[in-house]
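**Student:** Handing you a structure now.
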Amino acid sequence: MRALKTAILSAALALGLAGAAQASEAIHLPKQSWPHAGMFGTIDKAAAQRGFQIYKEVCSACHSMRLVPIRTLGGIGFKDDELKALAAGYEVQGGPNDAGEMFMRPAIPADRFPSPFANEQAARAANNGALPPDLSLIAKARVGGEDYLYAFLTGFEEPPAGVNLMAGMNYNKYFPGHQVGMPNILQPDGVTFADGTKATVEQQARDVSTFLTFVAEPHHDARKQMGVKVILFLLVLAGLMYASKRKLWSTLH
Amino acid sequence: MAQAQASKFKNPVVNWIDSRLPIFTMLDHEYNHYPMPRNVNYLWAFGAIAGIMLVIMIATGLFLAMQYSSHTSLAFDSVERIMRDVNYGWLLRYVHANGASMFFIAVYIHMFRGLYYGSYKAPREILWILGVIIFLVMMGTAFMGYVLPWGQMSFWGATVITNLFSAFPIVGDPIVTLLWGGFSVDNPTLNRFFALHFLLPFVLLGLVILHTAALHVCGSNNPLGIDAKGPQDTVPFNPYVTLKDGFAVVMFLIVFAFFVFFMPNYLGHPDNYIPANPLVTPAHIVPEWYFLPFYAILRAIPDKLGGVIAMFGSIALLLALPWLDTSKVRSCKFRPIYRQFFWILAIDALVLGYAGAMPAEGSWLLIARIGTFYYFFHFLVLLPVLGKLERPLPLPNSISEAVLKGAHAKSMEKA
Amino acid sequence: MAQTTHPPGTGGHAASGDGSNRRDFLYLATGAVGVVGAASAAWPFISSMNPAADTLALASIDVDLAPVAEGQAITVTWRGKPVFVRHRNAKEIEQAKTVNLGELRDPVADEARVKKPEWLIVVGICTHLGCVPLGQKVTDPRGDFEGWFCPCHGSHYDTAGRIRKGPAPANLVVPTYAFTSDTKIRLG
């Protein structure tokens with residue numbers, strides 16, 4: 001048994017390595033408390049809807065979300081007709097028609113969110129050489145996840161003395177290297193929420209981080225809910241197997 | 001003779017088949033009556049756990065392959081389609097991705113158990129060698145599987161690892177070009193990695209069958225490292241060990257499920273959620289955790305070819321392990337001095353793993369070098385020499401004697 | 001296994017009254033829970049082979065009929081299959097309506113196969129072995145009954161898409177659709 005415990009401990013240690021290795025190279029990020037954290041956490045749909053509003057009105061001017069179909073928003077409470085109306089507000093390329101020409105048509109919920117730029121070069125040309133990253137997976141593609149997104153969005157400040165900002169760059173205390181092409185985009189009351197929530201910068205950063213967590217993993221809630229059931233089931237099975245094993249081996253002399 | 005066998009089974013269909021193809025007799029013999037030493041502990045369950053992991057990986061892999069596209073322009077998006085649109089696709093992929101890690105955990109524990117209890121010694125040399133080959137094929141399979149999502153770490157991991165071969169003089173560069181099917185990691189590379197990643201698990205399955213066959217010739221080792229002398233030393237595999245292993249499998253699945261459902265991306269790297277970009281290298285390229293000790297050995301040697309040789313050598317020397325260890329006694333239980341060095345080796349492996357995850361500079365480089373030195377020192381010097389010098393503790397006469405004495409001592413404690 | 005051997009030392013199940021019953025129940029319960037677990041674990045695998053969310057999202061499509069003149073036909077792709085939309089003229093409607101149902105292999109009245117008499121909408125897949133029948137283009141052979149003709153094994157369909165001659169067992173399938181306006185339909 002001692003050997004078993006040691007083995008488990010070693011395995012746990014080995015697993016710890018990967019995490020420790022990642023954490024040690026990051027700038028210290030303040031930990032936020034999220035309703036979707038933990039084993040029983042679920043995405044705050046109201047916050048995610050507000051977050052979508054921010055994406056739509058602010059972020060989407062530069063950032064694409066190319067992997068996300070509009071219908072995905074059904075997962076944060078948009079009804080079918082709302083999705084259709086929302087989709088109709090976007091234009092996507094259709095065709096070719098009978099004359100062989102491509103044309104623009106209103107989107108349907110099955111379409112993905114259209115990108116603001118045709119390609120990477122166009123995006124860089126319009127943004128002083130910087131490429132605004134795609135936001136479909138941003139919450140999973142950054143060390144720190146939604147904590148990083150929140151910290152980044154609220155981390156713009158005046159550069160400390162002695163830091164020479166390059167032309168067109170902005171100072172962010174949480175961005176690796178601190179100089180970032182993206183300006184401090186969230187302004188107090190920069191958006192007006194329909195549900196009356198006060199649109200402080202912190203509130204907006206929280207909401208948009210929640211939304212981006214959702215789009216990076218639309219099955220987040222289903223995953224955790226299934227996980228609780230699976231683990232409870234396995235615990236019952238383990239208990240039964242252990243009892244059976246004990247009974248069986250007790251007959252040995 | 002066939003008639004004699006046929007009378008064994010009551011079910012006439014089973015009987016009919018068995019008298020023509022004695023597969024049921026074989027199964028009955030190997031998995032029902034197969035005598036297991038009665039004193040095996042839960043560490044012996046990790047072979048079964050690793051076997052179950054292989055089955056889980058093949059099953060999830062097969063269903064993922066039904067949805068995956070192995071073209072550079074489609075691979076990343078097709079994986080995201082699995083995650084978003086395919087029914088339970090997210091579950092299959094997270095089970096497969098975390099399953100690789102769990103498979104390695106099971107195999108590493110299985111290997112260290114073999115090291116501690118001397119399971120590689122005569123007459124189990126071929127059993128051990130087959131195990132090392134399984135480990136090598138597993139590493140190749142895992143590496144190629146990690147390339148398939150075609151994220152940044154996929155691409156750059158593939159670039160760095162395939163470039164290892166360029167260290168060899170003269171043949172190095174042609175080999176790398178051959179591996180790539182081009183002048184860089186690109187679409188032909190991805191396609192062949194997919195084909196091989198699909199094939200190799202079945203090769204593994206065949207190797208595992210051979211591994212089990214070799215095991216059943218001489219029987220399982222046990223914590224005392226002495227041979228079973230008769231039925232009083234053993235229990236039939238079924239139901240005793242099937243139930244015990246089954247319990248261990250379920251406990252292992254609980255840990256597995258915890259990763260899959262509550263921290264599915266913890267063991268992965270965030271950069272792999274960024275599509276591969278051949279023009280931008282991520283700031284730190286780190287292999288998956290299960291390769292880290294070997295990665296540390298690679299970087300510990302300041303010479304390119306030397307590092308590559310050291311890394312491959314660190315695994316290759318395991319093939320010679322049965323002959324490097326000169327001690328007649330199998331189990332570390334009876335080797336008081338070597339036991340200490342076993343634990344130093346275990347810690348050394350962990351330290352190397354940690355060093356492999358750190359930037360290769362300053363004190364981490366020094367630590368990696370000391371760790372690498374100890375690794376080779378342990379296998380190439382300590383093991384052969386210690387076997388001659390060490391005075392082992394007296395071995396018990398039989399398994400049953402030791403077990404009954406243990407049980408007796410326990411009941412005395414209670415009283 | 002067919003064979004019952006008692007492991008050494010157990011003394012067999014029948015030997016020890018109540019204890020063995022309890023033991024048997026425990027083993028049975030463990031086995032049952034294990035089987036339930038294995039069966040539940042199989043479901044995600046099977047389910048993953050069913051149409052995915054992106055496929056289902058495109059399961060219904062809108063078709064504009066306005067550009068299709070009388071006597072013309074168009075083919076639209078719906079769920080990966082060709083759907084024939086034919087704007088029938090008066091003669092074709094008349095032909096379809098006046099058939100004696102008793103003569104048909106798969107007797108269905110024309111009224112039951114259309115929502116508006118001038119628009120016939122059928123899935124363009126021969127009910128014999130799945131080929132696509134000819135007859136959409138004016139230059140195509142339309143068979144003996146002026147509907148469609150399947151070149152694979154010579155099935156003839158009439159102007160209501162009903163099987164009239166040849167090996168096919170049933171009429172061309174009418175898909176689920178609805179008119180969303182006078183000139184627009186939604187398939188599926």
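Here's how to read the names in the structure tokens: chain A, B, ... by the order shown, residue numbers from 1 in each chain, ligand numbers from 1 in the order shown.
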Given a cut-off of 9 Å, which residues of chain B touch chain A, counting only C-alpha atoms, written out as a ChimeraX atom specification?
**Tutor:** /B:41-43,77,80-81,83-84,90-91,105,108-109,112-113,235,239-241,243-244,246-251,253-255,257-258,260-262,265-274,288-290,346-347,350,353-354,357-358,404
**Student:** Give me every strand (DSSP E) residue in region 15-176 of chain C, going by DSSP on the backbone, as a ChimeraX atom specification.
**Tutor:** /C:61-64,73-78,81-87,119-123,146-150,155-158,163-165
**Student:** Can I get the selected residues back with N, CA, C and O atoms, as a compact mmCIF listing (two decimals), in the first residue's frame?
**Tutor:**
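The resulting file, out22.txt, is shown below:
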# COMPACT_ATOMS: atom_id res chain seq x y z
N ILE C 61 -34.61 24.25 -46.03
CA ILE C 61 -34.15 25.36 -46.87
C ILE C 61 -35.34 26.03 -47.56
O ILE C 61 -36.39 25.41 -47.75
N ASP C 62 -35.15 27.30 -47.92
CA ASP C 62 -36.19 28.06 -48.63
C ASP C 62 -35.89 28.06 -50.12
O ASP C 62 -34.73 28.21 -50.52
N VAL C 63 -36.95 27.88 -50.94
CA VAL C 63 -36.77 27.90 -52.40
C VAL C 63 -37.74 28.92 -52.99
O VAL C 63 -38.93 28.94 -52.64
N ASP C 64 -37.21 29.78 -53.84
CA ASP C 64 -38.04 30.79 -54.51
C ASP C 64 -38.51 30.21 -55.85
O ASP C 64 -37.70 29.85 -56.70
N ALA C 73 -38.72 23.21 -65.24
CA ALA C 73 -38.44 22.47 -64.00
C ALA C 73 -37.09 22.91 -63.46
O ALA C 73 -36.21 23.30 -64.23
N ILE C 74 -36.95 22.89 -62.15
CA ILE C 74 -35.63 23.13 -61.56
C ILE C 74 -35.30 21.98 -60.60
O ILE C 74 -36.21 21.30 -60.11
N THR C 75 -34.01 21.83 -60.38
CA THR C 75 -33.57 20.83 -59.41
C THR C 75 -32.86 21.58 -58.29
O THR C 75 -31.95 22.37 -58.55
N VAL C 76 -33.29 21.37 -57.06
CA VAL C 76 -32.59 21.98 -55.92
C VAL C 76 -32.02 20.86 -55.05
O VAL C 76 -32.55 19.75 -55.02
N THR C 77 -30.92 21.18 -54.38
CA THR C 77 -30.31 20.19 -53.49
C THR C 77 -30.83 20.40 -52.08
O THR C 77 -30.78 21.51 -51.55
N TRP C 78 -31.35 19.35 -51.53
CA TRP C 78 -31.90 19.42 -50.17
C TRP C 78 -31.48 18.17 -49.42
O TRP C 78 -31.71 17.06 -49.87
N LYS C 81 -29.75 15.64 -51.47
CA LYS C 81 -30.46 14.91 -52.50
C LYS C 81 -31.07 15.90 -53.49
O LYS C 81 -31.40 17.02 -53.13
N PRO C 82 -31.27 15.47 -54.76
CA PRO C 82 -31.94 16.35 -55.71
C PRO C 82 -33.44 16.37 -55.46
O PRO C 82 -34.05 15.33 -55.22
N VAL C 83 -34.03 17.58 -55.46
CA VAL C 83 -35.49 17.69 -55.38
C VAL C 83 -35.96 18.32 -56.69
O VAL C 83 -35.45 19.35 -57.11
N PHE C 84 -36.90 17.62 -57.36
CA PHE C 84 -37.45 18.11 -58.63
C PHE C 84 -38.62 19.03 -58.34
O PHE C 84 -39.56 18.63 -57.66
N VAL C 85 -38.55 20.23 -58.88
CA VAL C 85 -39.68 21.16 -58.77
C VAL C 85 -40.16 21.41 -60.20
O VAL C 85 -39.42 21.95 -61.02
N ARG C 86 -41.38 20.99 -60.54
CA ARG C 86 -41.86 21.18 -61.91
C ARG C 86 -43.11 22.07 -61.91
O ARG C 86 -44.05 21.82 -61.15
N HIS C 87 -43.05 23.11 -62.72
CA HIS C 87 -44.19 24.00 -62.91
C HIS C 87 -45.05 23.39 -64.02
O HIS C 87 -44.76 23.56 -65.20
N TRP C 119 -47.74 23.10 -59.11
CA TRP C 119 -46.39 22.81 -58.61
C TRP C 119 -46.28 21.37 -58.14
O TRP C 119 -46.86 20.98 -57.14
N LEU C 120 -45.49 20.60 -58.86
CA LEU C 120 -45.20 19.24 -58.41
C LEU C 120 -43.79 19.23 -57.83
O LEU C 120 -42.83 19.65 -58.48
N ILE C 121 -43.69 18.78 -56.58
CA ILE C 121 -42.39 18.75 -55.90
C ILE C 121 -42.12 17.34 -55.39
O ILE C 121 -42.87 16.82 -54.55
N VAL C 122 -41.10 16.70 -55.95
CA VAL C 122 -40.77 15.32 -55.54
C VAL C 122 -39.26 15.18 -55.37
O VAL C 122 -38.48 15.93 -55.97
N VAL C 123 -38.88 14.20 -54.55
CA VAL C 123 -37.46 13.89 -54.41
C VAL C 123 -37.03 13.12 -55.66
O VAL C 123 -37.64 12.12 -56.00
N GLU C 146 -44.55 10.96 -69.92
CA GLU C 146 -44.21 12.38 -69.95
C GLU C 146 -43.79 12.96 -68.60
O GLU C 146 -43.88 14.15 -68.37
N GLY C 147 -43.40 12.07 -67.71
CA GLY C 147 -42.91 12.56 -66.42
C GLY C 147 -41.40 12.44 -66.40
O GLY C 147 -40.69 13.31 -66.90
N TRP C 148 -40.91 11.35 -65.83
CA TRP C 148 -39.46 11.11 -65.77
C TRP C 148 -39.17 9.69 -66.21
O TRP C 148 -40.02 8.81 -66.11
N PHE C 149 -37.94 9.52 -66.67
CA PHE C 149 -37.52 8.20 -67.09
C PHE C 149 -36.18 7.87 -66.44
O PHE C 149 -35.25 8.67 -66.50
N CYS C 150 -36.13 6.72 -65.76
CA CYS C 150 -34.87 6.37 -65.09
C CYS C 150 -34.06 5.48 -66.02
O CYS C 150 -34.49 4.38 -66.37
N SER C 155 -37.34 2.63 -65.47
CA SER C 155 -38.62 2.94 -64.81
C SER C 155 -39.20 4.22 -65.42
O SER C 155 -38.48 5.19 -65.65
N HIS C 156 -40.53 4.20 -65.64
CA HIS C 156 -41.23 5.36 -66.21
C HIS C 156 -42.13 5.97 -65.15
O HIS C 156 -42.89 5.25 -64.50
N TYR C 157 -42.03 7.30 -64.98
CA TYR C 157 -42.89 8.01 -64.02
C TYR C 157 -43.77 8.98 -64.78
O TYR C 157 -43.38 9.53 -65.81
N ASP C 158 -45.00 9.24 -64.26
CA ASP C 158 -45.91 10.14 -64.98
C ASP C 158 -45.78 11.58 -64.47
O ASP C 158 -44.88 11.90 -63.70
N ILE C 163 -45.07 5.92 -60.35
CA ILE C 163 -44.47 4.84 -61.13
C ILE C 163 -45.54 4.23 -62.02
O ILE C 163 -46.65 3.91 -61.57
N ARG C 164 -45.21 4.07 -63.32
CA ARG C 164 -46.20 3.54 -64.26
C ARG C 164 -45.69 2.28 -64.95
O ARG C 164 -46.46 1.42 -65.34
N LYS C 165 -44.37 2.18 -65.10
CA LYS C 165 -43.83 1.07 -65.88
C LYS C 165 -42.38 0.86 -65.47
O LYS C 165 -41.69 1.83 -65.14
**Student:** Could you list, as a list in words, the residues of chain B having an atom within 7 Å of chain C when counting only C-alpha atoms?
**Tutor:** Phe9, Lys10, Asn11, Phe63, Asp85, Val86, Asn87, Tyr88, Gly89 and Pro236 of chain B
**Student:** If DSSP is run on the backbone, what residues of region 21-209 of chain A are alpha helix (DSSP H)? A reply as a ChimeraX atom specification would be ideal.
**Tutor:** /A:21-24,45-57,80-88,120-126,145-153,201-209
**Student:** Extract, using only C-alpha atoms, all DNA, RNA and protein residues at most 12 Å from Pro231 (chain B), discarding same-chain residues fewer than 3 positions from it, and format them as number ranges by chain.
**Tutor:** B: 33-38, 227-228, 234-236, 398-400; C: 7-9
**Student:** Now that the selection is made, can you save its residues with C-alpha atoms as a PDB file, in the first residue's frame?
**Tutor:**
ATOM      1  CA  HIS B  33      -7.820 -20.529 -14.335  1.00  0.00           C
ATOM      2  CA  TYR B  34      -4.595 -18.659 -14.938  1.00  0.00           C
ATOM      3  CA  PRO B  35      -2.897 -18.812 -11.519  1.00  0.00           C
ATOM      4  CA  MET B  36      -1.980 -15.411 -10.079  1.00  0.00           C
ATOM      5  CA  PRO B  37       0.286 -15.167  -7.049  1.00  0.00           C
ATOM      6  CA  ARG B  38      -2.128 -14.473  -4.199  1.00  0.00           C
ATOM      7  CA  ASP B 227       8.223 -18.068  -7.755  1.00  0.00           C
ATOM      8  CA  ALA B 228       4.857 -19.566  -6.913  1.00  0.00           C
ATOM      9  CA  THR B 234      -1.909 -18.691  -6.153  1.00  0.00           C
ATOM     10  CA  VAL B 235      -5.520 -17.770  -6.809  1.00  0.00           C
ATOM     11  CA  PRO B 236      -7.380 -18.320 -10.105  1.00  0.00           C
ATOM     12  CA  SER B 398       7.102 -19.544  -0.165  1.00  0.00           C
ATOM     13  CA  ILE B 399       4.406 -17.002  -0.947  1.00  0.00           C
ATOM     14  CA  SER B 400       1.799 -18.717   1.187  1.00  0.00           C
TER      15      SER B 400
ATOM     16  CA  PRO C   7     -11.622 -21.697  -6.630  1.00  0.00           C
ATOM     17  CA  PRO C   8      -9.597 -23.438  -3.982  1.00  0.00           C
ATOM     18  CA  GLY C   9     -10.667 -22.380  -0.546  1.00  0.00           C
TER      19      GLY C   9
END
**Student:** Using only C-alpha atoms, determine which residues lie at most 9 Å from Val180 (chain A), disregarding the query and same-chain residues fewer than 2 positions distant; provide the list as a ChimeraX atom specification.
**Tutor:** /A:130,168-172,175-178,182-183
**Student:** Could the residues in this selection be saved with all heavy atoms as an mmCIF file, in the first residue's frame?
**Tutor:**
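To be explicit, this is the file written out as again.cif:
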data_model
loop_
_atom_site.group_PDB
_atom_site.id
_atom_site.type_symbol
_atom_site.label_atom_id
_atom_site.label_comp_id
_atom_site.auth_asym_id
_atom_site.auth_seq_id
_atom_site.Cartn_x
_atom_site.Cartn_y
_atom_site.Cartn_z
ATOM 1 N N ALA A 130 -0.825 45.286 -36.989
ATOM 2 C CA ALA A 130 -1.157 44.272 -35.984
ATOM 3 C C ALA A 130 -2.330 43.431 -36.463
ATOM 4 O O ALA A 130 -3.195 43.912 -37.187
ATOM 5 C CB ALA A 130 -1.516 44.935 -34.663
ATOM 6 N N GLY A 168 1.886 53.936 -32.307
ATOM 7 C CA GLY A 168 0.647 53.194 -32.496
ATOM 8 C C GLY A 168 0.432 52.102 -31.482
ATOM 9 O O GLY A 168 -0.530 51.341 -31.579
ATOM 10 N N MET A 169 1.333 51.993 -30.500
ATOM 11 C CA MET A 169 1.167 50.925 -29.506
ATOM 12 C C MET A 169 0.575 51.490 -28.222
ATOM 13 O O MET A 169 0.642 52.692 -27.956
ATOM 14 C CB MET A 169 2.527 50.262 -29.213
ATOM 15 C CG MET A 169 3.144 49.593 -30.429
ATOM 16 S SD MET A 169 2.105 48.312 -31.113
ATOM 17 C CE MET A 169 2.935 46.887 -30.450
ATOM 18 N N ASN A 170 0.012 50.586 -27.440
ATOM 19 C CA ASN A 170 -0.597 50.975 -26.173
ATOM 20 C C ASN A 170 -0.004 50.119 -25.070
ATOM 21 O O ASN A 170 0.458 49.001 -25.314
ATOM 22 C CB ASN A 170 -2.112 50.768 -26.229
ATOM 23 C CG ASN A 170 -2.722 51.516 -27.387
ATOM 24 O OD1 ASN A 170 -2.940 52.710 -27.324
ATOM 25 N ND2 ASN A 170 -2.945 50.799 -28.490
ATOM 26 N N TYR A 171 -0.058 50.634 -23.841
ATOM 27 C CA TYR A 171 0.554 49.929 -22.722
ATOM 28 C C TYR A 171 -0.514 49.143 -21.963
ATOM 29 O O TYR A 171 -1.563 49.672 -21.592
ATOM 30 C CB TYR A 171 1.249 50.899 -21.777
ATOM 31 C CG TYR A 171 2.046 50.172 -20.714
ATOM 32 C CD1 TYR A 171 3.363 49.780 -20.961
ATOM 33 C CD2 TYR A 171 1.482 49.864 -19.485
ATOM 34 C CE1 TYR A 171 4.090 49.102 -20.010
ATOM 35 C CE2 TYR A 171 2.207 49.167 -18.526
ATOM 36 C CZ TYR A 171 3.503 48.786 -18.788
ATOM 37 O OH TYR A 171 4.223 48.103 -17.844
ATOM 38 N N ASN A 172 -0.246 47.844 -21.751
ATOM 39 C CA ASN A 172 -1.169 47.017 -20.977
ATOM 40 C C ASN A 172 -0.354 46.196 -20.005
ATOM 41 O O ASN A 172 0.572 45.499 -20.401
ATOM 42 C CB ASN A 172 -1.956 46.093 -21.910
ATOM 43 C CG ASN A 172 -3.052 45.348 -21.177
ATOM 44 O OD1 ASN A 172 -2.787 44.643 -20.213
ATOM 45 N ND2 ASN A 172 -4.275 45.525 -21.625
ATOM 46 N N PHE A 175 -0.447 42.265 -20.711
ATOM 47 C CA PHE A 175 -0.103 41.710 -22.012
ATOM 48 C C PHE A 175 1.376 41.311 -22.011
ATOM 49 O O PHE A 175 2.217 42.079 -21.568
ATOM 50 C CB PHE A 175 -0.376 42.738 -23.106
ATOM 51 C CG PHE A 175 -0.204 42.213 -24.504
ATOM 52 C CD1 PHE A 175 -1.166 41.392 -25.066
ATOM 53 C CD2 PHE A 175 0.929 42.531 -25.251
ATOM 54 C CE1 PHE A 175 -1.004 40.901 -26.347
ATOM 55 C CE2 PHE A 175 1.087 42.042 -26.530
ATOM 56 C CZ PHE A 175 0.116 41.228 -27.079
ATOM 57 N N PRO A 176 1.704 40.092 -22.483
ATOM 58 C CA PRO A 176 3.113 39.700 -22.512
ATOM 59 C C PRO A 176 3.917 40.701 -23.338
ATOM 60 O O PRO A 176 3.604 40.930 -24.509
ATOM 61 C CB PRO A 176 3.089 38.316 -23.193
ATOM 62 C CG PRO A 176 1.692 37.826 -23.018
ATOM 63 C CD PRO A 176 0.816 39.045 -22.996
ATOM 64 N N GLY A 177 4.899 41.346 -22.735
ATOM 65 C CA GLY A 177 5.663 42.371 -23.429
ATOM 66 C C GLY A 177 5.095 43.768 -23.245
ATOM 67 O O GLY A 177 5.745 44.753 -23.586
ATOM 68 N N HIS A 178 3.859 43.836 -22.751
ATOM 69 C CA HIS A 178 3.184 45.089 -22.361
ATOM 70 C C HIS A 178 2.804 46.016 -23.500
ATOM 71 O O HIS A 178 1.990 46.908 -23.313
ATOM 72 C CB HIS A 178 4.012 45.876 -21.332
ATOM 73 C CG HIS A 178 4.238 45.099 -20.070
ATOM 74 N ND1 HIS A 178 3.202 44.664 -19.290
ATOM 75 C CD2 HIS A 178 5.377 44.676 -19.472
ATOM 76 C CE1 HIS A 178 3.691 43.998 -18.249
ATOM 77 N NE2 HIS A 178 5.008 43.973 -18.344
ATOM 78 N N MET A 182 -3.757 46.899 -29.783
ATOM 79 C CA MET A 182 -5.161 47.206 -29.485
ATOM 80 C C MET A 182 -5.260 48.361 -28.492
ATOM 81 O O MET A 182 -4.561 48.380 -27.489
ATOM 82 C CB MET A 182 -5.812 45.956 -28.885
ATOM 83 C CG MET A 182 -7.248 46.166 -28.458
ATOM 84 S SD MET A 182 -7.989 44.599 -27.969
ATOM 85 C CE MET A 182 -9.191 45.183 -26.774
ATOM 86 N N PRO A 183 -6.114 49.353 -28.792
ATOM 87 C CA PRO A 183 -6.283 50.458 -27.838
ATOM 88 C C PRO A 183 -7.221 50.060 -26.698
ATOM 89 O O PRO A 183 -7.870 49.016 -26.754
ATOM 90 C CB PRO A 183 -6.930 51.549 -28.696
ATOM 91 C CG PRO A 183 -7.687 50.800 -29.738
ATOM 92 C CD PRO A 183 -6.912 49.526 -30.007
#
**Student:** Give me the residues near Val191 (chain A) as a list of chain:residue names, where near means some atom within 12 Å (using only C-alpha atoms) and where sequence neighbours in that chain fewer than 5 positions away do not count.
**Tutor:**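 With the cut-off at 12 Å, the set is A:Arg50, A:Gly51, A:Phe52, A:Gln53, A:Ile54, A:Tyr55, A:Lys56, A:Glu57, A:Val58, A:Cys59, A:Ile185, A:Leu186, A:Gly196, A:Thr197, A:Lys198, A:Ala199, A:Thr200, A:Val201, A:Gln203, A:Gln204, A:Ala205, A:Asp207, A:Val208.
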**Student:** Report the distance between CA of Ala100 (chain B) and CA of Leu62 (chain B) in Å, rounded to one decimal place.
**Tutor:**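 Calculated distance between CA of Ala100 (chain B) and CA of Leu62 (chain B) is 14.4 Å.
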**Student:** Tell me, as a list in words, which residues lie within 6 Å of Pro109 (chain A), counting only C-alpha atoms; anything in the same chain fewer than 6 positions away does not count.
**Tutor:**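 Everything that qualifies: Ile70, Arg71, Lys84 and Ala87 of chain A.
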**Student:** Could you write out that same residue set with all heavy atoms as a CSV table (one decimal), in the first residue's frame?
**Tutor:**
chain,number,residue,atom,x,y,z
A,70,ILE,N,-24.0,31.4,-36.0
A,70,ILE,CA,-24.9,32.3,-35.2
A,70,ILE,C,-25.8,31.5,-34.4
A,70,ILE,O,-26.1,31.9,-33.2
A,70,ILE,CB,-25.6,33.2,-36.2
A,70,ILE,CG1,-24.6,34.1,-37.0
A,70,ILE,CG2,-26.7,34.0,-35.5
A,70,ILE,CD1,-25.2,34.8,-38.2
A,71,ARG,N,-26.2,30.3,-34.8
A,71,ARG,CA,-27.1,29.5,-34.0
A,71,ARG,C,-26.6,29.1,-32.7
A,71,ARG,O,-27.3,28.7,-31.8
A,71,ARG,CB,-27.5,28.2,-34.8
A,71,ARG,CG,-26.3,27.3,-35.1
A,71,ARG,CD,-26.7,26.1,-36.0
A,71,ARG,NE,-25.5,25.7,-36.7
A,71,ARG,CZ,-24.5,24.9,-36.2
A,71,ARG,NH1,-24.7,24.4,-35.0
A,71,ARG,NH2,-23.5,24.5,-36.9
A,84,LYS,N,-33.0,34.2,-36.0
A,84,LYS,CA,-33.3,34.5,-37.4
A,84,LYS,C,-33.1,36.0,-37.6
A,84,LYS,O,-32.5,36.5,-38.6
A,84,LYS,CB,-34.7,34.1,-37.8
A,84,LYS,CG,-34.6,32.6,-38.3
A,84,LYS,CD,-36.0,32.1,-38.6
A,84,LYS,CE,-36.0,30.6,-38.6
A,84,LYS,NZ,-37.3,30.1,-38.4
A,87,ALA,N,-29.5,37.0,-37.3
A,87,ALA,CA,-28.8,36.6,-38.5
A,87,ALA,C,-29.0,37.4,-39.7
A,87,ALA,O,-28.1,37.8,-40.5
A,87,ALA,CB,-29.1,35.1,-38.8
**Student:** Using only C-alpha atoms, determine which residues lie at most 12 Å from Arg113 (chain C), disregarding the query and same-chain residues fewer than 6 positions distant; provide the list as a ChimeraX atom specification.
**Tutor:** /C:93,96-97,107,119-123,159-162,171-177
**Student:** If I take CA of Pro133 (chain C) and CA of Cys152 (chain C), how far is one from the other in Å, to one decimal?
**Tutor:**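 Here the two named atoms are 8.2 Å from each other.
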**Student:** For a test of reading the model, state the distance in Å between CA of Ala122 (chain A) and CA of Glu91 (chain A), rounded to one decimal.
**Tutor:**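 Here the two named atoms are 18.5 Å from each other.
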**Student:** Under the rule that only C-alpha atoms are counted, which of B:Pro384, B:Pro282, B:Gly140, B:Pro396 is the nearest residue to Leu196 (chain B)?
**Tutor:**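 Smallest distance to Leu196 (chain B) is found for B:Gly140.
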